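**Q** Below is the structure I would like to discuss, written out as structure tokens.
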Amino acid sequence: MASPIDLSPEEHARPGAVTDPREVLHLGGAPLPLTVPARLYVCGITPYDVTHLGHAATFVWADTAARVIRMTGVETVVSRNVTDVDDVLTRVAAERGRAFDEFGLTQEYYVERDMAALHVRPPTHSPHARHHVAHVVRLAIALLAAGAAYEREGFVYFRGAAVAAGLDREEALALLAENGDDPGDPGRDDPFDVPVWRPSGEGDPAWPSPWGPGRPGWHAECAAMALATLGGVVDVLAGGSDLAFPHHAYQVAMASAATGSAPFARRELRAGTVGIDGAKMAKSAGNLVLVADLLREAPGPAVRLMLLDRVWSQPWDYRPGALDEAATLLEQLYVAAGRRGGSSAAVAEVRAALLDDLDAPQALRTAVEAGGDAARQVLRTLALQ
């Protein structure tokens, strides 16, 4: 399957060239007026395994948000991290007889190969946790100075009681435990306090710090990498909906406490989880659908379209027939894009749909029906060519 028209991979507007200065992206039900550049932070991979469809959905939607912003002529900077300091990664690497950093780079290659096939742009910044340990140390020092953290026996704990305010206590504690934390640790003042810095045991990677050799906590890694690459405020914080608590909540709280700026994230884009037969896709459940396997069945744009032809914030169940349906819709879009000319009203309708909370399904239907310039706009902006 090939695109019927030679389309530039760039979005429809040149950097700084605003087609209509009144165009404003609405995200999460609220307008997001943007200065230049727009800053997007995407919670990226922990490189210990291959890419499944749930990962791909998050990265494709974050990429789409950046492309829609660029469509309006606003320069966009994207930072997508690599969490290569992680206990699961360390354990899996050791089981395979590999150094954690070398193993992580190998797995990262496979993920990036899948992302390229799905036309996800390489981020402007790709911070790796192991390269930003010094920034985590500085974050810990800032939190201590602000009274938002305390030191105890080689740990620096962030005071997190307020982070879980309004949530069901037992459910929130269970989510902390599911995400690798230990709310029952007797060294904490409160079960919701989480480590910014922690001492390393035998076999763990370790770096020097004022509190002794150790390694960063997960939430602190993302907070530090976002601050280091994008500054004290981001326009969009993107990730899977399963990261809302605890990860995004603590990341935002740490960054805000360290800088005194609130909100740290002006909007959050949390892509709906992908499941099979009602169960969330996860390695532990053994129900993964791998992107590499799908790419053997269909071209990257068809897989991308399957991910985009839905409401980004809603969970959904993958079924095998969805890929065939996406391939059929993509063919219809290519045929529509081959028509000459087109209606300026249809182009405006497509752009309005994309700016209205990334309503890709509406933009796609309008493009197929109207054809011509409207279809070509969709192909460019959604990177389906």
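Residues in the structure tokens are named by chain (A, B, ... in the order shown) and by number from 1 within that chain; ligands are numbered from 1 in the order shown.
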List the spatial neighbours of A:Asp357 as a list in words - criterion: any atom at most 7 Å away, only C-alpha atoms, same-chain residues fewer than 3 positions off excluded.
**A** His26, Leu27, Gly28, Gly29 and Leu354 of chain A
**Q** Might you pull out every residue within 12 Å of A:Glu170, with only C-alpha atoms counted and same-chain residues fewer than 6 positions away left off, and present them as a PDB file with C-alpha atoms, in the first residue's frame?
**A**
ATOM      1  CA  ALA A 164      -2.825  11.346  47.542  1.00  0.00           C
ATOM      2  CA  LEU A 176       2.063   2.598  45.165  1.00  0.00           C
ATOM      3  CA  ALA A 177       2.912  -1.015  45.954  1.00  0.00           C
ATOM      4  CA  PRO A 183       4.415   2.090  51.668  1.00  0.00           C
ATOM      5  CA  PRO A 191       3.227   5.782  53.934  1.00  0.00           C
ATOM      6  CA  PHE A 192       2.790   8.194  51.016  1.00  0.00           C
TER       7      PHE A 192
END
**Q** Report, in Å to a single decimal, how far apart atom CA of A:Val196 and atom CA of A:Ala172 are.
**A**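 So the answer is 18.7 Å.
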**Q** Give me the residues of stretch 112-183 of chain A that have any atom at most 12 Å from an atom of stretch 200-203 of chain A; for each, the nearest atom pair and the distance in Å, rounded to one decimal. Use only C-alpha atoms, sort by chain and number, and format it as a tab-separated table.
**A**
residue	atom	partner	partner_atom	distance
A:Glu153	CA	A:Ser200	CA	11.8
A:Gly154	CA	A:Ser200	CA	9.2
A:Phe155	CA	A:Ser200	CA	9.9
**Q** Just the residues within 12 Å of A:Val136, please, counting only C-alpha atoms, with nothing from its chain fewer than 5 positions along; format it as number ranges by chain.
**A** A: 85, 128-131, 141-143, 156, 195-198, 207-210, 214-228, 251, 254-255, 258
**Q** Between atom CA of A:Ala249 and atom CA of A:Asp168, what is the spacing in Å?
**A** 14.5 Å
**Q** Using only C-alpha atoms, which protein or nucleic acid residues come within 12 Å of A:Ala244? Drop anything in the same chain fewer than 2 positions from it, and give the result as JSON, numbers by chain.
**A** {"A": [43, 163, 164, 167, 172, 175, 176, 179, 219, 237, 238, 239, 240, 241, 242, 246, 247, 248, 249, 250, 251, 252, 268, 269, 270, 271, 272, 273]}
**Q** As a CSV table (one decimal) with N, CA and C atoms, in the first residue's frame, please: all residues of stretch 16-219 of chain A that backbone DSSP puts in helix (DSSP H, G or I).
**A**
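Written output follows (selection_20.csv):
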chain,number,residue,atom,x,y,z
A,53,LEU,N,1.4,-2.9,22.1
A,53,LEU,CA,0.5,-1.9,21.5
A,53,LEU,C,0.1,-0.8,22.5
A,54,GLY,N,0.1,-1.1,23.8
A,54,GLY,CA,-0.2,-0.1,24.8
A,54,GLY,C,0.9,1.0,24.8
A,55,HIS,N,2.2,0.6,24.7
A,55,HIS,CA,3.2,1.6,24.6
A,55,HIS,C,3.0,2.5,23.4
A,56,ALA,N,2.8,1.7,22.2
A,56,ALA,CA,2.7,2.4,21.0
A,56,ALA,C,1.5,3.5,21.0
A,57,ALA,N,0.4,3.1,21.6
A,57,ALA,CA,-0.7,4.1,21.7
A,57,ALA,C,-0.3,5.4,22.3
A,58,THR,N,0.4,5.3,23.4
A,58,THR,CA,0.9,6.5,24.1
A,58,THR,C,1.8,7.3,23.3
A,59,PHE,N,2.8,6.7,22.6
A,59,PHE,CA,3.8,7.5,21.9
A,59,PHE,C,3.2,8.0,20.6
A,60,VAL,N,2.2,7.3,20.0
A,60,VAL,CA,1.6,7.8,18.7
A,60,VAL,C,0.7,9.0,19.1
A,61,TRP,N,0.0,8.9,20.2
A,61,TRP,CA,-0.9,10.1,20.5
A,61,TRP,C,-0.1,11.3,20.9
A,62,ALA,N,1.0,11.1,21.7
A,62,ALA,CA,1.9,12.2,22.0
A,62,ALA,C,2.5,12.8,20.8
A,63,ASP,N,2.9,12.0,19.8
A,63,ASP,CA,3.4,12.5,18.6
A,63,ASP,C,2.4,13.3,17.8
A,64,THR,N,1.1,12.8,17.8
A,64,THR,CA,0.0,13.4,17.1
A,64,THR,C,-0.2,14.8,17.7
A,65,ALA,N,-0.2,14.9,19.1
A,65,ALA,CA,-0.4,16.2,19.7
A,65,ALA,C,0.6,17.2,19.3
A,66,ALA,N,1.9,16.7,19.2
A,66,ALA,CA,3.0,17.6,18.8
A,66,ALA,C,2.8,18.0,17.3
A,67,ARG,N,2.3,17.1,16.5
A,67,ARG,CA,2.1,17.5,15.0
A,67,ARG,C,0.9,18.4,14.9
A,68,VAL,N,-0.1,18.2,15.6
A,68,VAL,CA,-1.2,19.2,15.5
A,68,VAL,C,-0.8,20.6,16.0
A,69,ILE,N,0.0,20.6,17.0
A,69,ILE,CA,0.5,22.0,17.4
A,69,ILE,C,1.3,22.6,16.3
A,70,ARG,N,2.2,21.8,15.7
A,70,ARG,CA,3.0,22.3,14.6
A,70,ARG,C,2.2,22.7,13.4
A,71,MET,N,1.0,22.1,13.2
A,71,MET,CA,0.1,22.4,12.2
A,71,MET,C,-0.3,23.9,12.2
A,87,ASP,N,14.9,-0.9,38.8
A,87,ASP,CA,15.2,-2.2,39.4
A,87,ASP,C,14.8,-3.4,38.6
A,88,VAL,N,13.7,-3.3,37.8
A,88,VAL,CA,13.3,-4.4,36.9
A,88,VAL,C,14.3,-4.5,35.8
A,89,LEU,N,14.7,-3.4,35.2
A,89,LEU,CA,15.7,-3.5,34.2
A,89,LEU,C,17.0,-4.1,34.7
A,90,THR,N,17.5,-3.7,35.9
A,90,THR,CA,18.7,-4.2,36.5
A,90,THR,C,18.6,-5.8,36.6
A,91,ARG,N,17.4,-6.2,37.1
A,91,ARG,CA,17.2,-7.6,37.4
A,91,ARG,C,17.2,-8.4,36.1
A,92,VAL,N,16.4,-7.9,35.1
A,92,VAL,CA,16.4,-8.7,33.8
A,92,VAL,C,17.7,-8.7,33.1
A,93,ALA,N,18.5,-7.6,33.2
A,93,ALA,CA,19.8,-7.6,32.6
A,93,ALA,C,20.7,-8.6,33.2
A,94,ALA,N,20.6,-8.7,34.6
A,94,ALA,CA,21.5,-9.6,35.3
A,94,ALA,C,21.1,-11.1,35.0
A,95,GLU,N,19.8,-11.3,34.8
A,95,GLU,CA,19.4,-12.7,34.4
A,95,GLU,C,19.9,-13.1,33.1
A,100,PHE,N,23.5,-3.5,32.9
A,100,PHE,CA,22.1,-2.9,32.8
A,100,PHE,C,22.1,-1.8,31.7
A,101,ASP,N,23.2,-1.0,31.6
A,101,ASP,CA,23.2,0.1,30.6
A,101,ASP,C,23.3,-0.5,29.1
A,102,GLU,N,24.2,-1.5,29.0
A,102,GLU,CA,24.3,-2.1,27.6
A,102,GLU,C,23.1,-2.8,27.2
A,103,PHE,N,22.4,-3.5,28.1
A,103,PHE,CA,21.2,-4.2,27.8
A,103,PHE,C,20.1,-3.2,27.5
A,104,GLY,N,20.0,-2.1,28.2
A,104,GLY,CA,19.0,-1.1,28.0
A,104,GLY,C,19.2,-0.5,26.6
A,105,LEU,N,20.4,-0.3,26.2
A,105,LEU,CA,20.6,0.3,24.8
A,105,LEU,C,20.1,-0.6,23.7
A,106,THR,N,20.4,-1.9,23.9
A,106,THR,CA,19.9,-2.9,23.0
A,106,THR,C,18.4,-2.9,22.8
A,107,GLN,N,17.7,-2.9,24.0
A,107,GLN,CA,16.3,-2.9,23.9
A,107,GLN,C,15.7,-1.6,23.4
A,108,GLU,N,16.4,-0.5,23.7
A,108,GLU,CA,16.0,0.8,23.2
A,108,GLU,C,16.0,0.8,21.7
A,109,TYR,N,17.0,0.2,21.1
A,109,TYR,CA,17.1,0.1,19.6
A,109,TYR,C,15.8,-0.5,19.0
A,110,TYR,N,15.4,-1.6,19.6
A,110,TYR,CA,14.2,-2.3,19.0
A,110,TYR,C,12.9,-1.4,19.2
A,111,VAL,N,12.8,-0.7,20.3
A,111,VAL,CA,11.7,0.2,20.5
A,111,VAL,C,11.7,1.4,19.4
A,112,GLU,N,12.9,2.0,19.2
A,112,GLU,CA,13.0,3.1,18.3
A,112,GLU,C,12.7,2.6,16.9
A,113,ARG,N,13.1,1.4,16.6
A,113,ARG,CA,12.8,0.8,15.2
A,113,ARG,C,11.3,0.7,15.0
A,114,ASP,N,10.6,0.3,16.0
A,114,ASP,CA,9.1,0.2,15.9
A,114,ASP,C,8.5,1.6,15.8
A,115,MET,N,9.0,2.5,16.6
A,115,MET,CA,8.5,3.9,16.5
A,115,MET,C,8.7,4.5,15.2
A,116,ALA,N,9.8,4.3,14.6
A,116,ALA,CA,10.1,4.8,13.2
A,116,ALA,C,9.1,4.3,12.2
A,117,ALA,N,8.8,3.0,12.3
A,117,ALA,CA,7.8,2.4,11.4
A,117,ALA,C,6.4,2.9,11.6
A,129,ALA,N,18.0,8.3,32.2
A,129,ALA,CA,18.1,8.5,33.6
A,129,ALA,C,19.5,8.4,34.1
A,130,ARG,N,20.3,7.5,33.5
A,130,ARG,CA,21.7,7.4,34.0
A,130,ARG,C,22.6,8.6,33.7
A,131,HIS,N,22.2,9.4,32.7
A,131,HIS,CA,22.9,10.6,32.4
A,131,HIS,C,22.4,11.8,33.2
A,133,VAL,N,21.6,11.6,36.7
A,133,VAL,CA,21.7,11.4,38.1
A,133,VAL,C,22.1,12.6,38.9
A,134,ALA,N,23.0,13.4,38.4
A,134,ALA,CA,23.4,14.7,39.0
A,134,ALA,C,22.2,15.6,39.2
A,135,HIS,N,21.3,15.6,38.2
A,135,HIS,CA,20.1,16.4,38.2
A,135,HIS,C,19.1,15.9,39.3
A,136,VAL,N,19.1,14.6,39.5
A,136,VAL,CA,18.2,14.1,40.6
A,136,VAL,C,18.8,14.5,42.0
A,137,VAL,N,20.1,14.5,42.1
A,137,VAL,CA,20.8,15.0,43.3
A,137,VAL,C,20.4,16.4,43.6
A,138,ARG,N,20.5,17.2,42.6
A,138,ARG,CA,20.2,18.7,42.7
A,138,ARG,C,18.7,18.8,43.1
A,139,LEU,N,17.8,18.0,42.5
A,139,LEU,CA,16.4,18.0,42.8
A,139,LEU,C,16.2,17.7,44.3
A,140,ALA,N,16.9,16.7,44.8
A,140,ALA,CA,16.8,16.3,46.2
A,140,ALA,C,17.2,17.4,47.1
A,141,ILE,N,18.3,18.1,46.7
A,141,ILE,CA,18.8,19.2,47.6
A,141,ILE,C,17.8,20.3,47.6
A,142,ALA,N,17.2,20.6,46.4
A,142,ALA,CA,16.2,21.7,46.4
A,142,ALA,C,15.0,21.3,47.2
A,143,LEU,N,14.5,20.0,47.2
A,143,LEU,CA,13.4,19.6,48.0
A,143,LEU,C,13.7,19.7,49.4
A,144,LEU,N,14.9,19.3,49.8
A,144,LEU,CA,15.3,19.4,51.2
A,144,LEU,C,15.2,20.8,51.7
A,145,ALA,N,15.8,21.7,50.9
A,145,ALA,CA,15.8,23.1,51.2
A,145,ALA,C,14.5,23.7,51.3
A,161,ALA,N,2.1,13.1,51.5
A,161,ALA,CA,0.8,12.9,52.0
A,161,ALA,C,-0.2,13.7,51.2
A,162,ALA,N,0.2,14.9,50.8
A,162,ALA,CA,-0.8,15.8,50.0
A,162,ALA,C,-1.0,15.3,48.6
A,163,VAL,N,-0.1,14.5,48.1
A,163,VAL,CA,-0.2,14.0,46.7
A,163,VAL,C,-1.5,13.1,46.6
A,164,ALA,N,-1.7,12.3,47.6
A,164,ALA,CA,-2.8,11.3,47.5
A,164,ALA,C,-4.1,11.9,48.1
A,169,ARG,N,-7.7,5.9,50.2
A,169,ARG,CA,-6.4,5.7,50.8
A,169,ARG,C,-5.9,4.3,50.5
A,170,GLU,N,-6.7,3.3,50.7
A,170,GLU,CA,-6.3,1.9,50.5
A,170,GLU,C,-6.0,1.7,49.0
A,171,GLU,N,-6.8,2.2,48.2
A,171,GLU,CA,-6.5,2.0,46.7
A,171,GLU,C,-5.2,2.7,46.3
A,172,ALA,N,-5.0,3.9,46.9
A,172,ALA,CA,-3.8,4.6,46.5
A,172,ALA,C,-2.5,3.9,47.1
A,173,LEU,N,-2.6,3.4,48.3
A,173,LEU,CA,-1.5,2.6,48.8
A,173,LEU,C,-1.2,1.4,48.0
A,174,ALA,N,-2.3,0.7,47.5
A,174,ALA,CA,-2.1,-0.5,46.6
A,174,ALA,C,-1.5,-0.1,45.3
A,175,LEU,N,-1.8,1.1,44.8
A,175,LEU,CA,-1.2,1.5,43.5
A,175,LEU,C,0.3,1.8,43.7
A,176,LEU,N,0.7,2.4,44.9
A,176,LEU,CA,2.1,2.6,45.2
A,176,LEU,C,2.8,1.3,45.2
A,177,ALA,N,2.3,0.3,45.9
A,177,ALA,CA,2.9,-1.0,46.0
A,177,ALA,C,3.0,-1.7,44.6
A,178,GLU,N,2.0,-1.6,43.8
A,178,GLU,CA,2.0,-2.2,42.4
A,178,GLU,C,3.1,-1.6,41.6
A,218,TRP,N,12.1,6.5,41.0
A,218,TRP,CA,11.5,6.6,39.7
A,218,TRP,C,10.9,7.9,39.4
A,219,HIS,N,10.0,8.4,40.3
A,219,HIS,CA,9.3,9.6,40.1
A,219,HIS,C,10.3,10.8,40.0
**Q** Would you mind listing what lies within 6 Å of stretch 339-350 of chain A as number ranges by chain, with only C-alpha atoms counted and same-chain residues fewer than 3 positions away left out?
**A** A: 336, 353, 363, 372-374
**Q** Looking only at strand (DSSP E or B) from DSSP on the backbone, list the matching residues of stretch 27-241 of chain A as a ChimeraX atom specification.
**A** /A:27,30-31,38-45,52,76-82,125,128,149-152,155-158,194-199,207,214-216,234-240
**Q** If you measure from atom CA of A:Val77 to atom CA of A:Thr229, what distance in Å do you get, rounded to one decimal?
**A** 9.5 Å
**Q** Excluding A:Val82 and any residue of its chain fewer than 4 positions from it, enumerate the residues within 7 Å of it, using only C-alpha atoms, and give them as a PyMOL selection string.
**A** chain A and resi 44-46+126-129
**Q** Based on the selection just made, write N, CA and C atoms of those residues as a PDB file, in the first residue's frame.
**A**
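New file again04.pdb:
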ATOM      1  N   GLY A  44       8.571   8.023  28.808  1.00  0.00           N
ATOM      2  CA  GLY A  44       8.979   7.070  27.789  1.00  0.00           C
ATOM      3  C   GLY A  44       9.129   5.655  28.305  1.00  0.00           C
ATOM      4  N   ILE A  45      10.098   4.962  27.757  1.00  0.00           N
ATOM      5  CA  ILE A  45      10.224   3.530  27.966  1.00  0.00           C
ATOM      6  C   ILE A  45      11.142   3.198  29.139  1.00  0.00           C
ATOM      7  N   THR A  46      10.907   2.041  29.719  1.00  0.00           N
ATOM      8  CA  THR A  46      11.891   1.373  30.569  1.00  0.00           C
ATOM      9  C   THR A  46      12.423   0.221  29.725  1.00  0.00           C
ATOM     10  N   SER A 126      16.119  13.234  24.259  1.00  0.00           N
ATOM     11  CA  SER A 126      15.883  11.865  24.709  1.00  0.00           C
ATOM     12  C   SER A 126      16.718  11.612  25.968  1.00  0.00           C
ATOM     13  N   PRO A 127      16.345  12.238  27.087  1.00  0.00           N
ATOM     14  CA  PRO A 127      17.157  12.107  28.299  1.00  0.00           C
ATOM     15  C   PRO A 127      17.120  10.680  28.853  1.00  0.00           C
ATOM     16  N   HIS A 128      18.285  10.195  29.230  1.00  0.00           N
ATOM     17  CA  HIS A 128      18.411   8.889  29.863  1.00  0.00           C
ATOM     18  C   HIS A 128      18.659   9.097  31.355  1.00  0.00           C
ATOM     19  N   ALA A 129      17.986   8.325  32.171  1.00  0.00           N
ATOM     20  CA  ALA A 129      18.102   8.515  33.618  1.00  0.00           C
ATOM     21  C   ALA A 129      19.548   8.430  34.098  1.00  0.00           C
TER      22      ALA A 129
END
**Q** Give me the residues within 6 Å of A:Asp317 as a list in words, counting only C-alpha atoms and dropping any in the same chain fewer than 2 places off.
**A**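 Everything that qualifies: Val274, Gly275 and Ile276 of chain A.
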**Q** Let's have the selection written as a PDB file, in the first residue's frame, with N, CA, C and O atoms.
**A**
ATOM      1  N   VAL A 274      -4.781  -0.060  26.606  1.00  0.00           N
ATOM      2  CA  VAL A 274      -5.178  -1.027  25.589  1.00  0.00           C
ATOM      3  C   VAL A 274      -5.295  -2.393  26.253  1.00  0.00           C
ATOM      4  O   VAL A 274      -4.406  -2.804  27.006  1.00  0.00           O
ATOM      5  N   GLY A 275      -6.394  -3.085  25.977  1.00  0.00           N
ATOM      6  CA  GLY A 275      -6.612  -4.386  26.581  1.00  0.00           C
ATOM      7  C   GLY A 275      -7.015  -5.430  25.565  1.00  0.00           C
ATOM      8  O   GLY A 275      -7.152  -5.153  24.368  1.00  0.00           O
ATOM      9  N   ILE A 276      -7.184  -6.625  26.049  1.00  0.00           N
ATOM     10  CA  ILE A 276      -7.709  -7.735  25.253  1.00  0.00           C
ATOM     11  C   ILE A 276      -8.739  -8.448  26.115  1.00  0.00           C
ATOM     12  O   ILE A 276      -8.447  -8.821  27.262  1.00  0.00           O
TER      13      ILE A 276
END
**Q** Pick the closest to A:Thr76 from A:Val234, A:Arg22, A:Ala146, A:Ala253: which is it, counting only C-alpha atoms?
**A** A:Val234
